[in-house]
$ cat run-v4.cif   # mmCIF, C-alpha atoms
data_my_file
loop_
_atom_site.label_atom_id
_atom_site.label_comp_id
_atom_site.auth_asym_id
_atom_site.auth_seq_id
_atom_site.Cartn_x
_atom_site.Cartn_y
_atom_site.Cartn_z
CA MET W 21 -44.56 -11.16 -49.54
CA ALA W 22 -41.01 -10.68 -50.67
CA THR W 23 -38.52 -13.23 -49.48
CA THR W 24 -35.34 -11.76 -48.12
CA ILE W 25 -32.23 -13.72 -48.93
CA GLU W 26 -29.50 -13.33 -46.37
CA THR W 27 -25.99 -12.58 -47.49
CA PRO W 28 -23.94 -15.79 -47.70
CA ARG W 29 -21.68 -14.85 -44.81
CA ALA W 30 -24.45 -13.67 -42.47
CA PRO W 31 -24.16 -15.32 -39.04
CA HIS W 32 -26.65 -18.11 -38.53
CA SER W 33 -29.60 -17.05 -36.48
CA VAL W 34 -31.75 -19.69 -34.87
CA ARG W 35 -35.29 -18.99 -35.95
CA ARG W 36 -37.84 -20.49 -33.63
CA ASN W 37 -41.51 -20.65 -34.30
CA ARG W 38 -43.45 -18.84 -31.64
CA GLY W 39 -45.35 -20.68 -28.94
CA VAL W 40 -44.45 -22.77 -25.96
CA ASN W 41 -41.76 -25.40 -26.44
CA TRP W 42 -43.61 -28.22 -24.67
CA GLU W 43 -40.90 -30.81 -25.21
CA LYS W 44 -38.39 -28.56 -23.45
CA TRP W 45 -40.73 -28.04 -20.51
CA GLY W 46 -41.42 -31.77 -20.41
CA TRP W 47 -37.67 -32.38 -20.23
CA ILE W 48 -37.34 -29.88 -17.38
CA TYR W 49 -40.41 -31.28 -15.62
CA MET W 50 -39.03 -34.84 -15.59
CA ARG W 51 -35.87 -33.67 -13.82
CA ALA W 52 -37.49 -31.19 -11.41
CA SER W 53 -40.34 -33.51 -10.42
CA GLY W 54 -37.91 -36.43 -10.19
CA VAL W 55 -35.85 -34.73 -7.49
CA VAL W 56 -38.95 -33.77 -5.48
CA LEU W 57 -40.43 -37.26 -5.92
CA LEU W 58 -37.24 -38.83 -4.59
CA ILE W 59 -37.80 -37.02 -1.29
CA LEU W 60 -41.60 -37.52 -1.22
CA ILE W 61 -41.55 -41.24 -2.12
CA PHE W 62 -38.61 -42.17 0.10
CA GLY W 63 -40.37 -40.37 2.97
CA HIS W 64 -43.62 -42.20 2.11
CA LEU W 65 -41.87 -45.59 2.02
CA PHE W 66 -39.96 -44.91 5.25
CA VAL W 67 -43.03 -43.86 7.26
CA ASN W 68 -45.30 -46.60 5.87
CA LEU W 69 -42.92 -49.57 5.58
CA MET W 70 -39.94 -49.02 7.92
CA VAL W 71 -41.38 -47.34 11.05
CA GLY W 72 -43.21 -49.47 13.63
CA ASP W 73 -44.70 -52.67 12.22
CA GLY W 74 -44.38 -51.46 8.63
CA ILE W 75 -46.85 -52.90 6.16
CA LYS W 76 -48.56 -54.95 8.88
CA ALA W 77 -49.74 -51.76 10.58
CA ILE W 78 -51.46 -50.35 7.48
CA ASP W 79 -55.25 -50.37 7.69
CA PHE W 80 -58.12 -47.89 7.58
CA ALA W 81 -57.25 -46.46 11.01
CA PHE W 82 -53.62 -45.91 9.91
CA VAL W 83 -54.68 -43.96 6.81
CA GLY W 84 -57.34 -42.12 8.83
CA GLY W 85 -54.70 -41.02 11.31
CA LYS W 86 -52.36 -39.79 8.58
CA TRP W 87 -54.96 -37.88 6.57
CA SER W 88 -56.32 -36.11 9.65
CA ASP W 89 -53.08 -34.16 9.44
CA PRO W 90 -52.93 -31.48 6.70
CA PHE W 91 -49.18 -32.18 6.42
CA TRP W 92 -49.77 -35.69 5.07
CA GLN W 93 -52.75 -34.55 2.97
CA VAL W 94 -50.50 -32.07 1.16
CA TRP W 95 -47.60 -34.56 1.01
CA ASP W 96 -49.73 -37.29 -0.57
CA THR W 97 -51.54 -34.95 -2.96
CA LEU W 98 -48.25 -33.51 -4.17
CA MET W 99 -46.90 -37.02 -4.59
CA LEU W 100 -50.04 -38.03 -6.55
CA TRP W 101 -49.84 -35.14 -9.02
CA LEU W 102 -46.08 -35.16 -9.52
CA ALA W 103 -45.78 -38.94 -9.82
CA LEU W 104 -48.73 -39.49 -12.16
CA ILE W 105 -47.69 -36.69 -14.53
CA HIS W 106 -44.05 -37.90 -14.40
CA GLY W 107 -45.14 -41.48 -15.07
CA SER W 108 -47.59 -40.54 -17.84
CA ASN W 109 -44.98 -38.43 -19.60
CA GLY W 110 -42.53 -41.33 -19.36
CA MET W 111 -45.11 -43.71 -20.81
CA ARG W 112 -45.77 -41.17 -23.59
CA THR W 113 -42.07 -41.26 -24.47
CA ILE W 114 -42.10 -45.05 -24.60
CA VAL W 115 -45.26 -45.17 -26.74
CA ASN W 116 -43.72 -42.64 -29.12
CA ASP W 117 -40.59 -44.80 -29.34
CA TYR W 118 -42.21 -48.16 -30.01
CA SER W 119 -45.59 -47.60 -31.70
CA THR W 120 -45.27 -47.94 -35.45
CA ARG W 121 -48.89 -47.41 -36.50
CA PRO W 122 -50.25 -43.86 -36.05
CA LEU W 123 -53.70 -45.08 -34.97
CA VAL W 124 -52.30 -47.42 -32.30
CA ARG W 125 -50.09 -44.60 -31.04
CA LYS W 126 -53.06 -42.23 -30.81
CA ILE W 127 -55.15 -44.78 -28.92
CA LEU W 128 -52.35 -45.52 -26.44
CA LEU W 129 -51.58 -41.85 -25.85
CA GLY W 130 -55.29 -41.20 -25.34
CA ALA W 131 -55.53 -44.05 -22.84
CA ILE W 132 -52.55 -42.68 -20.89
CA ALA W 133 -54.05 -39.18 -20.81
CA VAL W 134 -57.52 -40.38 -19.77
CA SER W 135 -56.18 -42.62 -16.99
CA ALA W 136 -53.88 -39.86 -15.68
CA VAL W 137 -56.66 -37.24 -15.54
CA THR W 138 -59.13 -39.71 -14.02
CA LEU W 139 -56.76 -40.94 -11.31
CA ILE W 140 -55.47 -37.47 -10.39
CA THR W 141 -59.08 -36.29 -10.01
CA LEU W 142 -60.10 -39.40 -8.07
CA GLY W 143 -57.06 -39.32 -5.78
CA THR W 144 -57.36 -35.61 -5.00
CA LEU W 145 -61.07 -35.98 -4.20
CA VAL W 146 -60.36 -38.98 -1.97
CA VAL W 147 -57.67 -37.15 0.03
CA PHE W 148 -59.76 -34.03 0.64
CA THR W 149 -63.28 -35.48 1.04
CA PHE W 150 -62.10 -38.37 3.22
CA ASP W 151 -63.90 -38.91 6.55
CA PRO W 152 -61.74 -40.77 9.09
CA CYS W 153 -64.79 -41.46 11.28
CA PRO W 154 -67.64 -42.57 8.97
CA ALA W 155 -70.90 -42.99 10.86
CA GLY W 156 -72.12 -46.52 11.42
CA SER W 157 -68.73 -48.22 11.00
CA PRO W 158 -67.41 -50.68 13.60
CA ALA W 159 -65.48 -48.75 16.25
CA ASP W 160 -62.52 -51.16 16.24
CA LEU W 161 -61.80 -50.33 12.58
CA LEU W 162 -61.67 -46.56 13.18
CA PRO W 163 -58.84 -44.33 14.46
CA SER W 164 -58.67 -43.94 18.24
CA PHE W 165 -59.57 -40.22 18.04
CA CYS W 166 -63.01 -40.88 16.56
CA PRO W 167 -65.96 -39.91 18.85
CA VAL W 168 -67.17 -43.51 18.87
CA ASN W 169 -63.87 -44.52 20.48
CA GLN W 170 -63.78 -41.77 23.10
CA MET T 28 -19.56 -76.17 -42.23
CA PRO T 29 -21.44 -73.75 -44.54
CA GLU T 30 -19.44 -71.11 -46.29
CA ASN T 31 -19.78 -67.60 -44.99
CA SER T 32 -20.60 -65.64 -48.11
CA ALA T 33 -19.69 -62.33 -46.49
CA GLY T 34 -16.18 -63.55 -45.76
CA THR T 35 -14.57 -65.29 -42.83
CA MET T 36 -13.98 -62.06 -40.93
CA THR T 37 -17.69 -61.28 -40.47
CA PRO T 38 -18.43 -61.59 -36.76
CA ARG T 39 -21.52 -63.48 -35.67
CA ARG T 40 -22.59 -60.63 -33.40
CA PRO T 41 -22.00 -56.89 -33.70
CA ALA T 42 -18.87 -55.90 -31.86
CA GLY T 43 -19.24 -53.94 -28.64
CA THR T 44 -19.28 -50.20 -28.89
CA LEU T 45 -19.04 -47.36 -26.39
CA TYR T 46 -22.76 -47.78 -25.72
CA ARG T 47 -24.02 -51.19 -26.80
CA GLY T 48 -23.84 -53.81 -24.05
CA ARG T 49 -22.17 -51.35 -21.71
CA GLU T 50 -23.20 -49.34 -18.65
CA GLY T 51 -24.92 -46.68 -20.80
CA MET T 52 -27.23 -49.18 -22.48
CA TRP T 53 -28.09 -51.19 -19.38
CA SER T 54 -28.87 -48.14 -17.25
CA TRP T 55 -31.25 -47.00 -20.00
CA VAL T 56 -32.90 -50.45 -20.24
CA LEU T 57 -33.30 -50.68 -16.46
CA HIS T 58 -34.65 -47.13 -16.23
CA ARG T 59 -37.37 -47.97 -18.79
CA ILE T 60 -38.35 -51.30 -17.24
CA THR T 61 -38.47 -49.95 -13.67
CA GLY T 62 -40.35 -46.86 -14.87
CA VAL T 63 -43.09 -48.88 -16.59
CA ALA T 64 -43.38 -51.23 -13.58
CA ILE T 65 -43.71 -48.33 -11.14
CA PHE T 66 -46.29 -46.63 -13.41
CA PHE T 67 -48.59 -49.66 -13.41
CA PHE T 68 -48.16 -50.12 -9.67
CA LEU T 69 -49.08 -46.46 -9.19
CA LEU T 70 -52.35 -46.92 -11.12
CA VAL T 71 -53.32 -49.85 -8.89
CA HIS T 72 -52.10 -48.13 -5.73
CA ILE T 73 -54.30 -45.05 -6.29
CA LEU T 74 -57.33 -47.29 -6.85
CA ASP T 75 -56.70 -49.44 -3.76
CA THR T 76 -56.14 -46.37 -1.59
CA ALA T 77 -59.40 -44.87 -2.94
CA MET T 78 -61.20 -47.69 -1.09
CA VAL T 79 -60.86 -45.60 2.12
CA ARG T 80 -63.61 -43.45 0.62
CA VAL T 81 -65.90 -46.46 0.22
CA ALA T 82 -65.78 -48.11 3.66
CA PRO T 83 -63.23 -49.11 6.33
CA GLU T 84 -64.08 -52.76 5.61
CA ALA T 85 -63.48 -52.30 1.87
CA TYR T 86 -60.05 -50.72 2.42
CA ASN T 87 -58.96 -53.30 4.97
CA ALA T 88 -60.05 -56.14 2.67
CA VAL T 89 -58.01 -54.77 -0.24
CA ILE T 90 -54.94 -53.86 1.79
CA SER T 91 -54.87 -57.25 3.51
CA THR T 92 -54.13 -58.82 0.13
CA TYR T 93 -50.83 -56.89 0.19
CA GLN T 94 -49.98 -58.28 3.61
CA ASN T 95 -49.09 -61.85 2.72
CA PRO T 96 -45.57 -63.24 2.20
CA ILE T 97 -45.79 -63.41 -1.61
CA MET T 98 -46.78 -59.75 -1.89
CA GLY T 99 -44.16 -59.01 0.78
CA LEU T 100 -41.51 -60.24 -1.66
CA GLY T 101 -43.20 -58.25 -4.42
CA GLU T 102 -42.86 -55.13 -2.26
CA VAL T 103 -39.11 -55.75 -2.05
CA ALA T 104 -39.04 -55.82 -5.86
CA LEU T 105 -41.14 -52.66 -6.01
CA VAL T 106 -38.89 -50.77 -3.60
CA GLY T 107 -35.88 -52.07 -5.54
CA ALA T 108 -37.35 -50.70 -8.78
CA ILE T 109 -38.16 -47.34 -7.17
CA ALA T 110 -34.69 -47.02 -5.59
CA PHE T 111 -32.91 -47.82 -8.87
CA HIS T 112 -35.12 -45.43 -10.85
CA ALA T 113 -34.53 -42.67 -8.26
CA PHE T 114 -30.74 -43.05 -8.07
CA ASN T 115 -30.31 -43.50 -11.82
CA GLY T 116 -32.55 -40.45 -12.32
CA ILE T 117 -30.05 -38.40 -10.29
CA ARG T 118 -27.32 -39.84 -12.52
CA ILE T 119 -29.21 -38.72 -15.65
CA ILE T 120 -29.61 -35.21 -14.21
CA LEU T 121 -25.87 -35.09 -13.48
CA ILE T 122 -25.01 -36.27 -17.01
CA ASP T 123 -27.19 -33.46 -18.39
CA LEU T 124 -26.26 -30.63 -16.07
CA TRP T 125 -22.80 -31.36 -14.59
CA SER T 126 -19.99 -30.33 -16.90
CA LYS T 127 -18.15 -33.63 -16.30
CA GLY T 128 -21.32 -35.74 -16.14
CA ALA T 129 -20.96 -37.37 -19.55
CA LYS T 130 -17.29 -38.13 -18.87
CA TYR T 131 -18.04 -40.00 -15.66
CA HIS T 132 -21.42 -41.56 -16.58
CA ARG T 133 -20.00 -45.11 -16.32
CA GLN T 134 -18.49 -44.52 -12.90
CA MET T 135 -21.77 -42.95 -11.78
CA PHE T 136 -23.63 -46.07 -12.94
CA TRP T 137 -21.57 -48.21 -10.56
CA ILE T 138 -22.11 -45.67 -7.76
CA VAL T 139 -25.87 -45.99 -8.45
CA ILE T 140 -25.58 -49.78 -8.15
CA GLY T 141 -23.57 -49.44 -4.92
CA VAL T 142 -26.01 -47.01 -3.29
CA TRP T 143 -28.87 -49.25 -4.45
CA VAL T 144 -27.29 -52.31 -2.77
CA VAL T 145 -26.83 -50.37 0.50
CA THR T 146 -30.45 -49.16 0.35
CA MET T 147 -31.76 -52.66 -0.24
CA LEU T 148 -29.60 -54.08 2.57
CA ALA T 149 -31.20 -51.53 4.89
CA PHE T 150 -34.75 -52.06 3.67
CA THR T 151 -35.11 -55.76 2.90
CA PRO T 152 -34.39 -57.35 6.35
CA ARG T 153 -36.56 -54.78 8.13
CA HIS T 154 -39.44 -55.26 5.71
CA LEU T 155 -39.24 -59.06 5.63
CA ILE T 156 -39.21 -59.19 9.45
CA ASN T 157 -42.44 -57.15 9.40
CA VAL T 158 -43.91 -59.45 6.74
CA PHE T 159 -42.95 -62.80 8.28
CA SER T 160 -43.05 -62.14 12.04
CA HIS T 161 -46.73 -61.17 12.12
CA LEU T 162 -48.11 -64.11 10.19
CA PRO T 163 -51.30 -65.60 11.59
CA GLY T 164 -50.17 -68.19 14.14
CA ALA T 165 -46.63 -66.77 14.42
CA GLY T 166 -47.25 -65.25 17.82
CA HIS T 167 -48.21 -61.66 18.68
#

$ encode --input "run-v4.cif" --output "structure tokens"
Amino acid sequence: MATTIETPRAPHSVRRNRGVNWEKWGWIYMRASGVVLLILIFGHLFVNLMVGDGIKAIDFAFVGGKWSDPFWQVWDTLMLWLALIHGSNGMRTIVNDYSTRPLVRKILLGAIAVSAVTLITLGTLVVFTFDPCPAGSPADLLPSFCPVNQ
Amino acid sequence: MPENSAGTMTPRRPAGTLYRGREGMWSWVLHRITGVAIFFFLLVHILDTAMVRVAPEAYNAVISTYQNPIMGLGEVALVGAIAFHAFNGIRIILIDLWSKGAKYHRQMFWIVIGVWVVTMLAFTPRHLINVFSHLPGAGH
């Protein structure tokens, strides 16, 4: 294939190799997800730590009450996905900055990826397969709306 | 006193620059440290919350370990890390996208610190009252 040589005064054209620019989308993702996470996490902290008795009120019945509401199921799932991908991408940046040996870098990046995928899968399954009134559990540990408490 | 072979004018430490030792560097350092801390908390927090799928007793046993005074202070540190990371993240977005962001990045750092102090003044007393007023034997 013949190589074309541009004339010396030809305006510089930025030649990009085709394909998705993942680093650019990662950069955009960190900012976009960061703004959404600010709202989601501050809301999460306010409802769980500031309202009522705060941390002292958190138990199985508290979580059962929240996740009986699709609003909080969606809120928490969104928070799970956005936060874990945001955090994993941040950890990837740090590993890339500080790891000097290629093998160590690969192992660390692999560990970050595996833990992110595992925890996103686990967390999503927990939110959507959760039963607030498991049969055979002591009634005083369950939310007040459970049949055993009616 | 040993002779300084590089000459008497060689400073012991590198002189300050626009970045080193200034607001730009420290905001970056704090953003990294708080980010890593929040990441590892998140890993643990997903696992402890997953206990709701095991049994009510299992979840209550795990969550009760968060409800003692030492962890109560740890939660103040956690919320402090999250609040700094959130506010400084907004600052980073403004530096990138606002035409005057880079010019005012130092002023924005001190605004971040100010908003962070106000947030912590609102959160910390409320949270510590919840932590310390419901101790076993403290009434209620």

$ interface_residues --input "run-v4.cif" --of "chain T" --to "chain W" --cutoff "8 Å" --atoms "only C-alpha atoms" --output "tab-separated table (two decimals) with C-alpha atoms, keeping the file's coordinate frame"
chain	number	residue	atom	x	y	z
T	62	GLY	CA	-40.35	-46.86	-14.87
T	63	VAL	CA	-43.09	-48.88	-16.59
T	66	PHE	CA	-46.29	-46.63	-13.41
T	69	LEU	CA	-49.08	-46.46	-9.19
T	70	LEU	CA	-52.35	-46.92	-11.12
T	73	ILE	CA	-54.30	-45.05	-6.29
T	74	LEU	CA	-57.33	-47.29	-6.85
T	77	ALA	CA	-59.40	-44.87	-2.94
T	79	VAL	CA	-60.86	-45.60	2.12
T	80	ARG	CA	-63.61	-43.45	0.62
T	82	ALA	CA	-65.78	-48.11	3.66
T	83	PRO	CA	-63.23	-49.11	6.33
T	84	GLU	CA	-64.08	-52.76	5.61
T	86	TYR	CA	-60.05	-50.72	2.42
T	87	ASN	CA	-58.96	-53.30	4.97
T	90	ILE	CA	-54.94	-53.86	1.79
T	94	GLN	CA	-49.98	-58.28	3.61
T	113	ALA	CA	-34.53	-42.67	-8.26
T	116	GLY	CA	-32.55	-40.45	-12.32
T	117	ILE	CA	-30.05	-38.40	-10.29
T	120	ILE	CA	-29.61	-35.21	-14.21
T	150	PHE	CA	-34.75	-52.06	3.67
T	153	ARG	CA	-36.56	-54.78	8.13
T	154	HIS	CA	-39.44	-55.26	5.71
T	157	ASN	CA	-42.44	-57.15	9.40
T	158	VAL	CA	-43.91	-59.45	6.74
T	161	HIS	CA	-46.73	-61.17	12.12

$ closest_residue --input "run-v4.cif" --among "T:Leu100, T:Ala149, T:Ala108, T:Thr76" --to "Trp87 (chain W)" --atoms "only C-alpha atoms"
T:Thr76

$ atom_distance --input "run-v4.cif" --atom1 "CA of Thr61 (chain T)" --atom2 "CA of Ala110 (chain T)"
9.4 Å

$ closest_residue --input "run-v4.cif" --among "W:Ala159, W:Ile127, W:Ile105, W:Val115" --to "Gly46 (chain W)" --atoms "all atoms listed in the file"
W:Ile105

$ atom_distance --input "run-v4.cif" --atom1 "CA of Asp89 (chain W)" --atom2 "CA of Gly156 (chain W)"
22.8 Å

$ atom_distance --input "run-v4.cif" --atom1 "CA of Glu43 (chain W)" --atom2 "CA of Ala133 (chain W)"
16.2 Å

$ resolve_selection --input "run-v4.cif" --expression "the PyMOL selection byres ((chain W and resi 92) around 12)" --output "VMD selection string"
chain W and resid 60 63 to 64 67 to 68 82 to 91 93 to 100 147 to 148

$ closest_residue --input "run-v4.cif" --among "T:Thr151, T:Ser126, T:Thr44, T:Ser160" --to "Gly101 (chain T)" --atoms "only C-alpha atoms"
T:Thr151

$ closest_residue --input "run-v4.cif" --among "T:Ala88, T:Leu105, T:Ile65, T:Val71" --to "Met147 (chain T)" --atoms "all atoms listed in the file"
T:Leu105

$ residues_around --input "run-v4.cif" --residues "region 50-54 of chain T" --least-positions-apart "2" --cutoff "12 Å" --atoms "only C-alpha atoms" --output "PyMOL selection string"
chain T and resi 43-48+56-62+111-116+118-119+122+129-140
